[in-house]
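See below for the structure under consideration.
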Amino acid sequence: MSESAEIILDGKSYQMPIVEGTENEKAIDISSLRGKTGYITLDSGYKNTGATKSAITFLDGELGILRYRGYPIEQLAERSNFVEVAYLLIYGTLPTTEELADFSDKIRRHTLVNEDMRKILDGFPSTSHPMGILSALVSSLTAFYPESLNPNQTTEEMDLSIIRLMAKISTIAAWSYKNSIGHPVNYPKNQLDYCSNFLHMMFAYPTEDYEVNPVVVDALNKLLILHADHEQNCSTSTVRLVGSANASLYSSVSAGISALWGPLHGGANQAVIEMLEQIKADGGDSKKFINKAKDKDDPFRLMGFGHRVYKNFDPRAKIIKKTADDVLNAMGVKDPILNIAKELEEAALNDPYFVERKLYPNVDFYSGIIYRALGIPTDMFTVMFALGRLPGWIAQWKEMRENKEPIGRPRQVYTGETERDYVSIDKR
Ligand code: SDX
């Protein structure tokens, strides 16, 4: 492998070092480019630009590989659980029995939120989208735990901030749902595991006992694991950028939640269901909507299809598609939109437009069908994505801090007016 890349500018030759990762990914390190040449690079959407080095998640878009700290996603989805995967992402190793018990117990004991948070929640109209509530209430944790604002937290203080966020986000998420339907909130029950506790807070009523369905718990663990991290995606890059300014973990994650809300990113799982419902209401003609998606003059896109990195298949989509079949069968749920989804996938995978552009189902294409079968309302789907992605955001923010990365501040190419003098209003 060559040790450097040669750039020739204005007749002069410059050598830029080559960086190679543990999975043989290669990069040209241009950190000295502007200093040496006065030039910068331009890469709208950062399609060719690495923002950092990271040891957390590896994915290969061509081969459909996704690994957390080296462990294949297929094995983790099959054999692990969400709290263990969260520990793995955040601390870098699979926990021992004692480490996992300690981590799980600490999370359980921090699921309560300050009662004043209910006053903030009550201030939101019941029509509020739960992602807006989630972002606001996560940010409000800085008010209840001002010590989290200290950029020089000790390891113990950082670990406590992490535990509090992992624990309280599920309570905040469930309470935002209860707020939206005008029902009383449920307090967490410490004897329940993470996923069971969340389901209890989401679906229990004070008027009767609530039995957690093990099929639902297993499906939820799998879904949260599959969403837990995905290297430098839009929302994770947001968390790292905000955190690079020494903003707190809670402020950085609150910003990440807002980025994830976008329908081109995590908001796609809600958009997929709305699209499938639209197709069903329109008579179920998948071909008609495939043609709309191909029509440049039609803003309609096939939500849940395409990916910036995966140009073969999204390994998560394969696992989620199978889980959707298993869950619906186990629960005896017949959801007509699952058939529409499968028809749509079949039609798209045989259509040159999608094949040429390497557009395949992504993680969001089938996940909404499972959430729906679990009784989770559509506008909570992206909240579920945020719950899953939280350990990834935490791990990436922690890595950025531990590596003492500089504040993120991209350059630009200015294309506006050149210098001109001010003109008084009577002369304009
Ligand atoms: C997530 O980055 C991550 O890792 C994200 C994520 C994570 O875990 O964090 O994986 C989660 O965000 C998954 C993606 C969810 N979004 C959607 O499902 C929304 C629909 N998909 C797209 O809008 C799109 O595919 C993106 C945003 C996902 C990717 O966009 P890119 O990489 O910028 O590609 P592009 O928009 O330049 O599209 C390339 C071509 C274009 O056509 P041409 O101009 O070349 O003719 O493909 C077309 C696009 O018009 N295209 C689609 C399409 N997606 C891309 N055409 C129809 N339907 C689609 N869904």
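Lettering and numbering for the structure tokens are positional, with chains as A, B, ... in the shown order, residues counted from 1 in each chain, and ligands counted from 1 in the shown order.
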
Would you pick out the contacts of stretch 131-140 of chain A at 10 Å or less, using only C-alpha atoms, so that residues sharing its chain but fewer than 4 positions from it are not included, and give the list as a VMD selection string?
chain A and resid 117 to 118 120 to 121 124 144 to 146 165 168 to 170 172 to 177 179 248 to 261 267 379 to 384 386

message = Neighbouring residues of ligand 1 are defined here as those with any atom at most 6 Å from a ligand atom, counting only C-alpha atoms and all ligand atoms; list them as a list in words.
response = His230, Asn233, Cys234, Leu264, His265, Gly266, Ala268, Ala293, Lys294, Arg301, Leu302, Met303, Gly304, Phe305, Gly306, His307, Arg308, Arg357, Asn362 and Asp364 of chain A

Can you spit out the residues from that selection as a compact mmCIF listing (two decimals), in the first residue's frame, using all heavy atoms?
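Wrote it out as part.txt, contents follow:
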# COMPACT_ATOMS: atom_id res chain seq x y z
N HIS A 230 -24.58 2.85 14.52
CA HIS A 230 -24.39 2.70 13.06
C HIS A 230 -23.32 3.66 12.56
O HIS A 230 -23.51 4.38 11.58
CB HIS A 230 -25.70 2.92 12.32
CG HIS A 230 -25.78 2.06 11.09
ND1 HIS A 230 -25.94 2.55 9.83
CD2 HIS A 230 -25.70 0.72 10.96
CE1 HIS A 230 -25.96 1.55 8.95
NE2 HIS A 230 -25.81 0.44 9.62
N ASN A 233 -23.55 8.06 11.24
CA ASN A 233 -24.79 8.51 10.60
C ASN A 233 -25.12 9.93 11.01
O ASN A 233 -24.46 10.52 11.86
CB ASN A 233 -25.91 7.54 10.96
CG ASN A 233 -26.11 7.50 12.46
OD1 ASN A 233 -26.80 8.33 13.03
ND2 ASN A 233 -25.43 6.59 13.12
N CYS A 234 -26.18 10.46 10.41
CA CYS A 234 -26.53 11.88 10.62
C CYS A 234 -26.68 12.24 12.09
O CYS A 234 -26.09 13.21 12.58
CB CYS A 234 -27.81 12.18 9.84
SG CYS A 234 -28.39 13.86 10.01
N LEU A 264 -35.87 11.57 6.45
CA LEU A 264 -34.86 10.90 5.62
C LEU A 264 -33.94 10.04 6.49
O LEU A 264 -33.12 9.28 5.97
CB LEU A 264 -34.01 11.93 4.86
CG LEU A 264 -34.73 12.73 3.78
CD1 LEU A 264 -33.73 13.59 3.02
CD2 LEU A 264 -35.46 11.82 2.80
N HIS A 265 -34.06 10.17 7.79
CA HIS A 265 -33.20 9.43 8.74
C HIS A 265 -34.10 8.54 9.60
O HIS A 265 -34.85 7.75 9.05
CB HIS A 265 -32.39 10.46 9.54
CG HIS A 265 -31.32 9.91 10.42
ND1 HIS A 265 -30.83 8.65 10.32
CD2 HIS A 265 -30.62 10.50 11.42
CE1 HIS A 265 -29.87 8.47 11.23
NE2 HIS A 265 -29.71 9.57 11.91
N GLY A 266 -34.11 8.72 10.88
CA GLY A 266 -34.89 7.81 11.72
C GLY A 266 -36.39 7.97 11.57
O GLY A 266 -37.16 7.05 11.85
N ALA A 268 -37.95 7.80 9.08
CA ALA A 268 -38.41 7.00 7.94
C ALA A 268 -39.30 5.85 8.39
O ALA A 268 -40.20 5.44 7.65
CB ALA A 268 -37.21 6.46 7.16
N ALA A 293 -42.25 6.67 -7.45
CA ALA A 293 -40.92 6.84 -6.82
C ALA A 293 -39.85 7.07 -7.88
O ALA A 293 -38.86 7.75 -7.64
CB ALA A 293 -40.59 5.60 -6.00
N LYS A 294 -40.08 6.53 -9.09
CA LYS A 294 -39.08 6.65 -10.17
C LYS A 294 -39.22 7.97 -10.93
O LYS A 294 -38.31 8.39 -11.63
CB LYS A 294 -39.26 5.47 -11.16
CG LYS A 294 -38.84 4.14 -10.58
CD LYS A 294 -39.51 2.98 -11.30
CE LYS A 294 -39.11 2.89 -12.75
NZ LYS A 294 -39.68 1.65 -13.37
N ARG A 301 -41.03 9.38 -2.62
CA ARG A 301 -39.92 8.45 -2.56
C ARG A 301 -40.39 7.19 -1.87
O ARG A 301 -41.32 7.23 -1.06
CB ARG A 301 -38.76 9.04 -1.74
CG ARG A 301 -37.87 9.94 -2.54
CD ARG A 301 -36.49 10.07 -1.90
NE ARG A 301 -35.53 10.54 -2.89
CZ ARG A 301 -34.26 10.72 -2.63
NH1 ARG A 301 -33.80 10.45 -1.44
NH2 ARG A 301 -33.43 11.15 -3.55
N LEU A 302 -39.75 6.07 -2.17
CA LEU A 302 -40.10 4.81 -1.52
C LEU A 302 -39.44 4.82 -0.15
O LEU A 302 -38.27 4.49 0.00
CB LEU A 302 -39.56 3.65 -2.37
CG LEU A 302 -40.38 2.37 -2.40
CD1 LEU A 302 -41.83 2.65 -2.67
CD2 LEU A 302 -39.82 1.44 -3.49
N MET A 303 -40.18 5.25 0.87
CA MET A 303 -39.58 5.35 2.20
C MET A 303 -39.17 3.97 2.69
O MET A 303 -39.83 2.98 2.41
CB MET A 303 -40.58 5.99 3.17
CG MET A 303 -41.02 7.39 2.75
SD MET A 303 -39.63 8.44 2.27
CE MET A 303 -39.05 8.95 3.88
N GLY A 304 -38.03 3.92 3.39
CA GLY A 304 -37.52 2.63 3.85
C GLY A 304 -36.64 1.95 2.83
O GLY A 304 -36.14 0.85 3.05
N PHE A 305 -36.45 2.66 1.68
CA PHE A 305 -35.56 2.11 0.65
C PHE A 305 -34.36 3.02 0.45
O PHE A 305 -34.48 4.25 0.53
CB PHE A 305 -36.33 2.01 -0.68
CG PHE A 305 -36.82 0.63 -0.96
CD1 PHE A 305 -37.92 0.12 -0.27
CD2 PHE A 305 -36.17 -0.19 -1.87
CE1 PHE A 305 -38.37 -1.16 -0.51
CE2 PHE A 305 -36.63 -1.48 -2.12
CZ PHE A 305 -37.73 -1.96 -1.43
N GLY A 306 -33.25 2.45 0.17
CA GLY A 306 -32.04 3.23 -0.11
C GLY A 306 -31.24 3.48 1.15
O GLY A 306 -31.78 3.48 2.26
N HIS A 307 -29.95 3.68 0.96
CA HIS A 307 -29.09 3.95 2.11
C HIS A 307 -27.81 4.59 1.61
O HIS A 307 -27.30 4.25 0.55
CB HIS A 307 -28.75 2.65 2.86
CG HIS A 307 -28.26 2.88 4.24
ND1 HIS A 307 -26.95 3.20 4.51
CD2 HIS A 307 -28.92 2.91 5.42
CE1 HIS A 307 -26.81 3.39 5.81
NE2 HIS A 307 -27.99 3.22 6.39
N ARG A 308 -27.29 5.54 2.41
CA ARG A 308 -26.07 6.21 2.02
C ARG A 308 -24.90 5.23 1.93
O ARG A 308 -24.03 5.37 1.07
CB ARG A 308 -25.74 7.31 3.05
CG ARG A 308 -24.40 7.98 2.90
CD ARG A 308 -24.25 8.66 1.54
NE ARG A 308 -25.25 9.69 1.28
CZ ARG A 308 -25.22 10.89 1.82
NH1 ARG A 308 -24.31 11.21 2.70
NH2 ARG A 308 -26.13 11.79 1.49
N ARG A 357 -29.55 1.89 -9.01
CA ARG A 357 -29.16 2.83 -7.94
C ARG A 357 -28.87 2.13 -6.62
O ARG A 357 -28.64 2.77 -5.60
CB ARG A 357 -30.26 3.87 -7.76
CG ARG A 357 -30.36 4.83 -8.94
CD ARG A 357 -31.62 5.66 -8.88
NE ARG A 357 -31.67 6.60 -9.99
CZ ARG A 357 -32.01 6.28 -11.23
NH1 ARG A 357 -32.33 5.01 -11.51
NH2 ARG A 357 -32.01 7.19 -12.18
N ASN A 362 -34.06 -0.75 3.84
CA ASN A 362 -33.15 -0.46 4.94
C ASN A 362 -33.82 -0.81 6.26
O ASN A 362 -34.92 -1.35 6.28
CB ASN A 362 -32.72 1.02 4.88
CG ASN A 362 -33.92 1.96 4.94
OD1 ASN A 362 -34.81 1.78 5.76
ND2 ASN A 362 -33.95 2.92 4.05
N ASP A 364 -35.44 0.68 8.30
CA ASP A 364 -36.76 1.26 8.63
C ASP A 364 -37.91 0.61 7.88
O ASP A 364 -39.07 0.88 8.18
CB ASP A 364 -36.73 2.76 8.31
CG ASP A 364 -35.77 3.49 9.23
OD1 ASP A 364 -35.91 3.33 10.46
OD2 ASP A 364 -34.86 4.15 8.73

Residue contacts of stretch 74-87 of chain A (10 Å, only C-alpha atoms) excluding same-chain residues fewer than 6 positions away, as a tab-separated table (two decimals) with N, CA and C atoms, in the first residue's frame:
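Output saved as out-v1.tsv:
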chain	number	residue	atom	x	y	z
A	65	ILE	N	-22.08	-5.91	5.94
A	65	ILE	CA	-21.54	-6.32	7.24
A	65	ILE	C	-21.80	-5.23	8.26
A	66	LEU	N	-22.21	-5.62	9.49
A	66	LEU	CA	-22.38	-4.67	10.59
A	66	LEU	C	-21.91	-5.36	11.88
A	67	ARG	N	-20.89	-4.77	12.56
A	67	ARG	CA	-20.38	-5.36	13.80
A	67	ARG	C	-20.25	-4.28	14.87
A	68	TYR	N	-20.64	-4.60	16.07
A	68	TYR	CA	-20.45	-3.70	17.22
A	68	TYR	C	-19.23	-4.20	17.98
A	93	THR	N	-16.29	-3.89	25.84
A	93	THR	CA	-16.16	-5.35	26.01
A	93	THR	C	-17.50	-5.94	26.45
A	94	LEU	N	-17.70	-7.23	26.18
A	94	LEU	CA	-18.89	-7.90	26.72
A	94	LEU	C	-18.71	-7.99	28.23
A	95	PRO	N	-19.73	-7.64	29.01
A	95	PRO	CA	-19.58	-7.61	30.46
A	95	PRO	C	-19.52	-9.01	31.07
A	96	THR	N	-18.85	-9.12	32.22
A	96	THR	CA	-18.92	-10.39	32.97
A	96	THR	C	-20.30	-10.42	33.64
A	99	GLU	N	-20.43	-7.62	36.11
A	99	GLU	CA	-20.49	-6.28	35.48
A	99	GLU	C	-21.89	-6.02	34.91
A	100	LEU	N	-22.48	-7.04	34.29
A	100	LEU	CA	-23.82	-6.87	33.69
A	100	LEU	C	-24.86	-6.66	34.78
A	101	ALA	N	-24.73	-7.44	35.87
A	101	ALA	CA	-25.69	-7.30	36.99
A	101	ALA	C	-25.59	-5.90	37.59
A	103	PHE	N	-24.45	-3.12	36.12
A	103	PHE	CA	-24.93	-2.14	35.13
A	103	PHE	C	-26.47	-2.15	35.09
A	104	SER	N	-27.04	-3.35	35.04
A	104	SER	CA	-28.52	-3.48	34.99
A	104	SER	C	-29.16	-2.93	36.25
A	107	ILE	N	-29.06	0.86	36.32
A	107	ILE	CA	-30.06	1.44	35.42
A	107	ILE	C	-31.44	1.37	36.07
A	166	MET	N	-29.46	6.43	30.28
A	166	MET	CA	-29.96	5.12	29.83
A	166	MET	C	-31.25	4.77	30.57
A	193	ASP	N	-37.07	-6.26	33.99
A	193	ASP	CA	-35.89	-5.98	33.16
A	193	ASP	C	-36.20	-4.76	32.28
A	194	TYR	N	-35.20	-4.28	31.57
A	194	TYR	CA	-35.31	-3.01	30.84
A	194	TYR	C	-36.51	-2.99	29.89
A	195	CYS	N	-36.59	-3.99	29.00
A	195	CYS	CA	-37.66	-3.99	28.00
A	195	CYS	C	-39.03	-4.22	28.63
A	218	ASP	N	-38.91	-10.23	23.67
A	218	ASP	CA	-37.82	-10.75	22.82
A	218	ASP	C	-37.70	-9.92	21.55
A	219	ALA	N	-38.85	-9.59	20.94
A	219	ALA	CA	-38.83	-8.79	19.71
A	219	ALA	C	-38.28	-7.40	19.99
A	220	LEU	N	-38.67	-6.82	21.13
A	220	LEU	CA	-38.20	-5.47	21.47
A	220	LEU	C	-36.69	-5.47	21.72
A	221	ASN	N	-36.20	-6.47	22.44
A	221	ASN	CA	-34.74	-6.57	22.64
A	221	ASN	C	-34.02	-6.60	21.30
A	222	LYS	N	-34.53	-7.41	20.39
A	222	LYS	CA	-33.89	-7.56	19.08
A	222	LYS	C	-33.90	-6.23	18.32
A	223	LEU	N	-35.05	-5.56	18.31
A	223	LEU	CA	-35.16	-4.28	17.58
A	223	LEU	C	-34.22	-3.24	18.17
A	224	LEU	N	-34.16	-3.15	19.49
A	224	LEU	CA	-33.29	-2.13	20.11
A	224	LEU	C	-31.82	-2.45	19.83
A	225	ILE	N	-31.47	-3.74	19.85
A	225	ILE	CA	-30.08	-4.13	19.52
A	225	ILE	C	-29.74	-3.71	18.09
A	226	LEU	N	-30.68	-3.95	17.17
A	226	LEU	CA	-30.39	-3.68	15.75
A	226	LEU	C	-30.26	-2.19	15.47
A	227	HIS	N	-30.81	-1.36	16.36
A	227	HIS	CA	-30.74	0.10	16.14
A	227	HIS	C	-29.63	0.76	16.96
A	228	ALA	N	-28.87	-0.04	17.74
A	228	ALA	CA	-28.04	0.52	18.81
A	228	ALA	C	-26.90	1.41	18.33
A	229	ASP	N	-26.30	1.14	17.19
A	229	ASP	CA	-25.27	2.06	16.67
A	229	ASP	C	-25.12	1.84	15.17
A	315	PRO	N	-28.07	-5.41	6.52
A	315	PRO	CA	-28.19	-6.67	7.28
A	315	PRO	C	-29.27	-6.62	8.35
A	316	ARG	N	-29.55	-5.41	8.84
A	316	ARG	CA	-30.58	-5.27	9.88
A	316	ARG	C	-31.97	-5.54	9.28
A	318	LYS	N	-32.73	-7.57	6.93
A	318	LYS	CA	-32.94	-9.02	6.76
A	318	LYS	C	-33.43	-9.62	8.07
A	319	ILE	N	-32.79	-9.24	9.17
A	319	ILE	CA	-33.16	-9.80	10.49
A	319	ILE	C	-34.55	-9.32	10.89
A	320	ILE	N	-34.81	-8.02	10.65
A	320	ILE	CA	-36.11	-7.45	11.05
A	320	ILE	C	-37.24	-8.06	10.22
A	388	GLY	N	-33.29	2.78	21.00
A	388	GLY	CA	-32.28	1.81	20.56
A	388	GLY	C	-30.95	2.48	20.31
A	389	ARG	N	-30.95	3.67	19.69
A	389	ARG	CA	-29.71	4.32	19.28
A	389	ARG	C	-28.96	4.98	20.43
A	390	LEU	N	-29.64	5.14	21.56
A	390	LEU	CA	-29.01	5.86	22.68
A	390	LEU	C	-27.64	5.32	23.09
A	391	PRO	N	-27.45	4.00	23.30
A	391	PRO	CA	-26.11	3.55	23.69
A	391	PRO	C	-25.04	3.86	22.63
A	392	GLY	N	-25.43	3.87	21.39
A	392	GLY	CA	-24.48	4.23	20.32
A	392	GLY	C	-24.10	5.69	20.41
A	394	ILE	N	-24.17	7.50	23.09
A	394	ILE	CA	-23.35	7.66	24.30
A	394	ILE	C	-21.92	7.20	24.02
A	395	ALA	N	-21.80	6.02	23.41
A	395	ALA	CA	-20.46	5.46	23.14
A	395	ALA	C	-19.65	6.38	22.23

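Minimum distance to A:Asn329 across A:Ala341, A:Val215, A:Ile56, A:Ile28 (counting only C-alpha atoms) occurs at A:Val215.
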
Among stretch 127-360 of chain A, which ones does DSSP place in helix (DSSP H, G or I), written as a VMD selection string? chain A and resid 130 to 144 146 to 149 155 to 180 194 to 203 214 to 226 234 to 243 249 to 260 268 to 281 286 to 294 315 to 331 336 to 349 352 to 356

Worksheet item: Hey, what's within 10 Å of A:Asn190 if we count only C-alpha atoms and toss same-chain stuff fewer than 5 positions away? As a ChimeraX atom specification, please?
Response: /A:105,107-112,197

Please save C-alpha atoms of the selected residues as a PDB file, in the first residue's frame.
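Result went into result-v4.pdb, see below:
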ATOM      1  CA  ASP A 105     -29.168  -2.775  38.686  1.00  0.00           C
ATOM      2  CA  ILE A 107     -30.065   1.444  35.420  1.00  0.00           C
ATOM      3  CA  ARG A 108     -33.093   0.037  37.270  1.00  0.00           C
ATOM      4  CA  ARG A 109     -32.405   2.248  40.279  1.00  0.00           C
ATOM      5  CA  HIS A 110     -32.278   5.438  38.171  1.00  0.00           C
ATOM      6  CA  THR A 111     -35.451   5.036  36.103  1.00  0.00           C
ATOM      7  CA  LEU A 112     -37.407   7.537  38.226  1.00  0.00           C
ATOM      8  CA  ASN A 197     -40.274  -2.180  32.370  1.00  0.00           C
TER       9      ASN A 197
END

Margin query: Need to verify the contact set: A:Tyr360, 9 Å, only C-alpha atoms, exclusion of same-chain residues closer than 5 positions in sequence. Can you return it as a PyMOL selection string?
Written below: chain A and resi 304-307+310-314+345+348-349+354-355

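Using only C-alpha atoms, the contacts of A:Leu9 at a cut-off of 9 Å, with sequence neighbours closer than 4 positions omitted, comprise Ser13, Tyr14, Thr37 and Tyr39 of chain A.
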
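The neighbours of A:Thr378 here are the residues that come within 9 Å of it, using only C-alpha atoms and leaving out any residue fewer than 6 positions away in the same chain; they are Asn269, Gln270, Ala271, Ile273, Glu274, Gly368, Tyr371 and Arg372 of chain A.
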
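Between atom CA of A:Lys189 and atom CA of A:Met201 the interatomic distance comes to 8.5 Å.
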
Judged by only C-alpha atoms, the minimum distance to A:Gly283 among A:Pro406, A:Asp421, A:Asn152, A:Pro336 is found for A:Pro336

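Checking A:Ser180, A:Thr238, A:Asn246, A:Gln232 one by one against A:Ser148, counting only C-alpha atoms, you find the shortest gap at A:Asn246.
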
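Proximity ranking of A:Gly375, A:Pro72, A:Gly92, A:Gly243 relative to A:Met400 places A:Gly243 first, based on only C-alpha atoms.
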